[in-house]
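S.K.: Provided below: run12.csv, containing CSV, C-alpha atoms.
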```
chain,number,residue,atom,x,y,z
A,500,MET,CA,3.8,-18.0,93.0
A,501,ARG,CA,3.8,-21.6,94.1
A,502,ASN,CA,3.6,-20.7,97.7
A,503,LEU,CA,0.6,-18.4,97.4
A,504,SER,CA,-2.2,-19.4,99.7
A,505,LEU,CA,-5.6,-18.5,98.3
A,506,VAL,CA,-7.9,-20.6,100.4
A,507,GLN,CA,-8.7,-18.3,103.4
A,508,SER,CA,-12.0,-17.2,104.8
A,509,LEU,CA,-12.9,-13.5,104.5
A,510,SER,CA,-13.2,-13.3,108.3
A,511,ARG,CA,-9.7,-14.6,108.8
A,512,LEU,CA,-8.3,-12.1,106.2
A,513,GLN,CA,-10.1,-9.3,108.0
A,514,GLU,CA,-8.5,-10.3,111.3
A,515,GLU,CA,-5.0,-10.7,109.9
A,516,GLN,CA,-4.8,-7.6,107.8
A,517,LYS,CA,-6.1,-4.2,108.7
A,518,HIS,CA,-6.2,-2.2,105.5
A,519,SER,CA,-6.7,1.6,105.1
A,520,ASP,CA,-9.7,2.5,102.9
A,521,GLU,CA,-7.4,4.1,100.3
A,522,VAL,CA,-4.2,3.3,98.5
A,523,THR,CA,-2.0,6.2,97.5
A,524,LEU,CA,0.6,6.1,94.8
A,525,ASP,CA,2.6,9.2,95.7
A,526,HIS,CA,4.9,9.3,92.6
A,527,VAL,CA,1.8,9.3,90.3
A,528,GLY,CA,-0.4,11.5,92.4
A,529,LEU,CA,-3.2,9.0,92.6
A,530,THR,CA,-5.4,7.9,95.5
A,531,LEU,CA,-7.5,4.8,94.9
A,532,THR,CA,-10.4,3.6,97.0
A,533,ARG,CA,-10.7,0.0,98.0
A,534,GLY,CA,-13.9,-1.9,97.1
A,535,THR,CA,-14.2,0.0,93.8
A,536,VAL,CA,-13.6,-0.4,90.1
A,537,VAL,CA,-10.8,1.8,88.7
A,538,GLU,CA,-10.3,2.2,84.9
A,539,LEU,CA,-7.0,3.1,83.3
A,540,ALA,CA,-7.4,3.6,79.5
A,541,GLY,CA,-5.0,4.6,76.8
A,542,GLY,CA,-2.9,3.5,73.9
A,543,ALA,CA,0.5,1.8,73.9
A,544,SER,CA,3.3,3.5,75.8
A,545,SER,CA,0.8,5.9,77.5
A,546,GLY,CA,1.8,4.9,81.1
A,547,LYS,CA,-1.3,3.0,82.2
A,548,THR,CA,0.6,-0.3,82.6
A,549,SER,CA,3.3,1.4,84.7
A,550,VAL,CA,0.6,2.6,87.1
A,551,ALA,CA,-0.9,-0.8,87.4
A,552,LEU,CA,2.5,-2.3,88.2
A,553,SER,CA,3.2,0.4,90.8
A,554,LEU,CA,0.0,-0.6,92.5
A,555,LEU,CA,0.9,-4.3,92.5
A,556,ALA,CA,4.4,-3.5,93.8
A,557,LYS,CA,3.1,-1.5,96.7
A,558,LEU,CA,0.6,-4.1,97.8
A,559,THR,CA,2.6,-7.2,97.3
A,560,ALA,CA,5.5,-5.7,99.1
A,561,THR,CA,3.4,-5.5,102.2
A,562,GLY,CA,2.3,-9.1,101.9
A,563,GLU,CA,-1.1,-8.7,100.2
A,564,ALA,CA,-2.2,-11.3,97.7
A,565,CYS,CA,-2.9,-9.8,94.3
A,566,ALA,CA,-4.0,-11.2,90.9
A,567,VAL,CA,-3.5,-10.4,87.3
A,568,VAL,CA,-6.0,-11.6,84.7
A,569,ASP,CA,-3.9,-11.5,81.6
A,570,ALA,CA,-6.4,-11.4,78.7
A,571,GLY,CA,-4.0,-10.7,75.8
A,572,GLY,CA,-0.7,-12.1,77.0
A,573,GLY,CA,0.7,-8.6,77.8
A,574,PHE,CA,1.9,-9.3,81.3
A,575,ASP,CA,5.7,-9.7,81.6
A,576,PRO,CA,6.9,-11.1,85.0
A,577,GLN,CA,10.5,-9.8,84.5
A,578,THR,CA,9.2,-6.3,84.0
A,579,ALA,CA,7.0,-6.7,87.1
A,580,VAL,CA,9.9,-7.7,89.2
A,581,LEU,CA,11.9,-4.7,88.0
A,582,ALA,CA,9.0,-2.6,89.1
A,583,GLY,CA,9.1,-4.0,92.6
A,584,VAL,CA,6.3,-6.6,92.4
A,585,LYS,CA,6.8,-9.7,94.7
A,586,LEU,CA,5.8,-12.6,92.5
A,587,GLU,CA,5.3,-14.9,95.5
A,588,ASN,CA,2.3,-12.8,96.4
A,589,LEU,CA,0.9,-12.7,92.9
A,590,LEU,CA,-1.6,-15.0,91.0
A,591,TRP,CA,-1.2,-14.8,87.3
A,592,VAL,CA,-4.1,-16.1,85.2
A,593,ARG,CA,-3.2,-16.4,81.5
A,594,CYS,CA,-6.3,-16.4,79.2
A,595,GLY,CA,-4.7,-16.6,75.7
A,596,GLY,CA,-6.7,-13.9,74.1
A,597,ASP,CA,-10.1,-15.4,75.1
A,598,VAL,CA,-12.3,-12.6,76.2
A,599,GLU,CA,-15.0,-14.9,77.7
A,600,LYS,CA,-12.4,-16.8,79.9
A,601,SER,CA,-10.9,-13.4,81.0
A,602,PHE,CA,-14.2,-12.1,82.3
A,603,MET,CA,-15.1,-15.5,83.9
A,604,ALA,CA,-11.7,-15.6,85.7
A,605,ALA,CA,-12.2,-12.0,86.9
A,606,ASP,CA,-15.6,-12.9,88.2
A,607,TYR,CA,-14.3,-15.8,90.2
A,608,LEU,CA,-11.5,-13.7,91.7
A,609,VAL,CA,-13.9,-10.9,92.6
A,610,GLN,CA,-16.1,-13.3,94.5
A,611,ALA,CA,-13.1,-14.6,96.5
A,612,LYS,CA,-13.0,-11.1,98.2
A,613,GLY,CA,-9.5,-11.6,99.7
A,614,PHE,CA,-7.2,-9.9,97.1
A,615,GLY,CA,-5.7,-6.5,97.5
A,616,THR,CA,-5.9,-5.8,93.8
A,617,ILE,CA,-7.3,-7.7,90.8
A,618,TRP,CA,-5.8,-6.3,87.6
A,619,LEU,CA,-8.0,-7.2,84.6
A,620,ASN,CA,-5.4,-6.5,81.9
A,621,LEU,CA,-7.3,-6.1,78.6
A,622,ASN,CA,-4.3,-4.6,76.8
A,623,GLY,CA,-3.7,-6.1,73.3
A,624,LEU,CA,-7.4,-6.8,72.7
A,625,SER,CA,-9.2,-4.8,70.0
A,626,PRO,CA,-11.6,-2.0,71.1
A,627,ARG,CA,-14.2,-3.6,68.8
A,628,THR,CA,-14.1,-6.8,70.7
A,629,LEU,CA,-14.2,-5.1,74.1
A,630,HIS,CA,-17.2,-3.0,73.2
A,631,LEU,CA,-19.1,-6.3,72.6
A,632,VAL,CA,-18.8,-7.1,76.3
A,633,PRO,CA,-22.3,-6.5,78.0
A,634,LYS,CA,-22.3,-3.5,80.3
A,635,THR,CA,-24.0,-5.7,83.0
A,636,TYR,CA,-20.6,-7.4,83.6
A,637,TRP,CA,-19.1,-4.2,84.9
A,638,TYR,CA,-22.0,-3.5,87.2
A,639,ARG,CA,-21.9,-7.0,88.6
A,640,TYR,CA,-18.2,-6.5,89.4
A,641,ARG,CA,-19.0,-3.2,91.1
A,642,THR,CA,-21.7,-4.8,93.2
A,643,ARG,CA,-19.6,-7.8,94.3
A,644,ILE,CA,-16.5,-5.8,95.1
A,645,LYS,CA,-18.3,-3.3,97.3
A,646,GLU,CA,-17.3,-3.3,100.9
A,647,THR,CA,-14.3,-5.6,100.3
A,648,PRO,CA,-10.5,-4.7,100.6
A,649,THR,CA,-10.1,-5.3,96.9
A,650,LEU,CA,-9.4,-2.8,94.1
A,651,LEU,CA,-10.5,-4.0,90.6
A,652,VAL,CA,-8.2,-2.2,88.1
A,653,VAL,CA,-9.1,-2.5,84.4
A,654,THR,CA,-6.6,-1.5,81.7
A,655,SER,CA,-7.8,-1.2,78.1
A,656,PRO,CA,-7.1,0.7,74.9
A,657,GLU,CA,-10.2,2.8,75.3
A,658,PRO,CA,-12.7,3.5,78.2
A,659,ILE,CA,-15.2,0.7,78.4
A,660,THR,CA,-16.6,0.5,82.0
A,661,ALA,CA,-19.0,3.4,81.6
A,662,SER,CA,-20.5,4.5,84.9
A,663,ALA,CA,-19.6,1.2,86.7
A,664,SER,CA,-16.2,2.5,87.5
A,665,GLN,CA,-15.8,5.0,90.4
A,666,GLN,CA,-12.6,6.3,89.0
A,667,SER,CA,-11.6,6.5,85.3
A,668,PHE,CA,-8.4,7.9,83.9
A,669,LEU,CA,-7.4,8.4,80.3
A,670,PHE,CA,-3.6,8.2,79.5
A,671,SER,CA,-1.8,9.6,76.4
A,672,CYS,CA,1.7,10.1,75.2
A,673,GLU,CA,2.3,13.7,74.3
A,674,ASP,CA,5.9,13.6,73.1
A,675,VAL,CA,8.7,11.1,72.6
A,676,ARG,CA,12.3,12.4,72.5
A,677,TRP,CA,15.4,10.6,71.1
A,678,SER,CA,19.1,11.2,71.2
A,679,GLY,CA,21.6,10.5,68.4
A,680,SER,CA,21.3,10.6,64.7
A,681,GLY,CA,21.0,8.3,61.7
A,682,ARG,CA,19.6,4.8,62.1
A,683,PHE,CA,20.8,4.2,65.7
A,684,LYS,CA,19.1,6.4,68.2
A,685,LEU,CA,18.4,6.0,71.9
A,686,LEU,CA,15.0,6.7,73.5
A,687,ARG,CA,15.5,9.4,76.1
A,688,GLU,CA,12.1,10.6,77.3
A,689,PHE,CA,8.4,10.0,77.3
A,690,HIS,CA,6.1,12.9,78.1
A,691,LEU,CA,2.8,11.5,79.4
A,692,LYS,CA,-0.6,13.0,80.3
A,693,MET,CA,-3.3,11.6,82.6
A,694,HIS,CA,-6.8,13.0,82.6
A,695,SER,CA,-9.5,12.1,85.1
A,696,ARG,CA,-12.7,11.3,83.2
A,697,LYS,CA,-14.8,11.7,86.3
A,698,GLY,CA,-13.7,15.2,87.2
A,699,CYS,CA,-11.6,14.4,90.3
A,700,TYR,CA,-8.6,16.4,89.3
A,701,GLY,CA,-9.7,19.1,86.9
A,702,GLU,CA,-6.5,19.9,84.9
A,703,ALA,CA,-4.7,16.9,83.4
A,704,LEU,CA,-1.6,15.6,85.3
A,705,ARG,CA,1.6,15.4,83.3
A,706,ALA,CA,4.7,13.3,83.9
A,707,LYS,CA,8.1,12.7,82.3
A,708,ILE,CA,9.8,9.3,82.1
A,709,GLU,CA,13.6,9.5,81.5
A,710,PHE,CA,15.8,6.6,80.5
A,711,ASP,CA,19.3,6.0,81.8
A,712,TYR,CA,21.7,3.8,79.8
A,713,THR,CA,24.8,4.1,82.0
A,714,ASP,CA,24.4,0.6,83.4
A,715,ILE,CA,23.9,-1.1,80.1
```
Please express the file's structure as structure tokens.

M.R.:
Amino acid sequence: MRNLSLVQSLSRLQEEQKHSDEVTLDHVGLTLTRGTVVELAGGASSGKTSVALSLLAKLTATGEACAVVDAGGGFDPQTAVLAGVKLENLLWVRCGGDVEKSFMAADYLVQAKGFGTIWLNLNGLSPRTLHLVPKTYWYRYRTRIKETPTLLVVTSPEPITASASQQSFLFSCEDVRWSGSGRFKLLREFHLKMHSRKGCYGEALRAKIEFDYTDI
């Protein structure tokens, strides 16, 4: 992260990097449009953080500068590396649970206009606190991010961006399966469901995450 160069003009970034208008995450079945606000909402262990990390991994691997605004301290660099994220291309802003600082940081980064993705990670903050955030914040982000190469990804326990987000997905964990008996069991599978709140996919998409302990 020490070598990340953030001070570049928008015209120079446009000349150096030619981006497609969409970013596709094949293993998830999602296509996200640049210059938009994308909301990933759901409880703990629902899969939303994995999707955000997959997006960071794809973009940082190709040399794009990305940013994480870590509102509640939930971002783990080691987990990000295991997911394929290149930390040398990532700016990590830690906000210590301060909601006002989190949104101010996101605002500054959106205005920079040179990031591939800005992940506003609101995981760990209470829904009651997040619902106090004025709706005008989200519409300001939507206006400022328009016609830029940036995706603003928001993760939170519940949907909070209303109509300001162009895409909104609700994640949930349908089933958890363990192996073994007694006090010592091994987690084997998560069965997850992803539903588009804006009607892009119709039926909910389902996925299974399996755990392999052979290398432990």

S.K.: Take atom CA of Gln666 of chain A and atom CA of Ala556 of chain A and report the distance between them in Å, one decimal.

M.R.: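 Separation of atom CA of Gln666 of chain A and atom CA of Ala556 of chain A: 20.2 Å.
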
S.K.: Hey, can you pull every residue with an atom no more than 10 Å from (6.8, -5.8, 87.6), using only C-alpha atoms, and send it as a VMD selection string?

M.R.: chain A and resid 548 to 549 551 to 556 574 to 586

S.K.: At a cut-off of 10 Å, using only C-alpha atoms, what residues contact segment 620-626 of chain A? Leave out same-chain residues fewer than 4 positions from it and give the result as a ChimeraX atom specification.

M.R.: /A:539-543,547-548,551,567-574,596-598,601-602,630-631,652-659

S.K.: Separation of atom CA of Phe670 of chain A and atom CA of Gln610 of chain A, in Å?

M.R.: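 Rounded to one decimal, the two atoms are 29.0 Å apart.
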
S.K.: So, with all atoms listed in the file as the atoms that count, which of A:His526, A:Lys612, A:Arg627, A:Lys697 lies closest to Arg643 of chain A?

M.R.: A:Lys612

S.K.: How far is it from atom CA of Val536 of chain A to atom CA of Glu587 of chain A, in Å with one decimal?

M.R.: 24.4 Å

S.K.: Around (-17.2, -4.4, 84.1) in the file's frame, which residues reach within 8 Å when counting all atoms listed in the file? Return as a count of residues only?

M.R.: 12

S.K.: Which is closest to Val609 of chain A among A:Lys557, A:Lys645, A:Arg696, A:Arg682, if we use all atoms listed in the file?

M.R.: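 Closest residue, counting all atoms listed in the file: A:Lys645.
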
S.K.: Could you give me, as a list of chain:residue names, the residues within 12 Å of Leu529 of chain A, counting all atoms listed in the file and dropping anything in the same chain fewer than 6 positions from it?

M.R.: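 My list of contacting residues is A:Glu521, A:Val522, A:Thr523, A:Val537, A:Leu539, A:Val550, A:Ala551, A:Ser553, A:Leu554, A:Gln666, A:Ser667, A:Phe668, A:Met693, A:His694, A:Ser695, A:Cys699, A:Tyr700, A:Leu704.
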
S.K.: Go through A:Ser544, A:Thr628, A:Gln665, A:Thr535 one by one, measure the shortest atom-to-atom distance of each to Ile644 of chain A using only C-alpha atoms, and give the residue with the smallest value.

M.R.: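 The closest residue to Ile644 of chain A is A:Thr535.
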
S.K.: Determine the nearest neighbour of Glu538 of chain A from the options A:Glu646, A:Lys692, A:Leu619, A:Gly681, counting all atoms listed in the file.

M.R.: A:Leu619
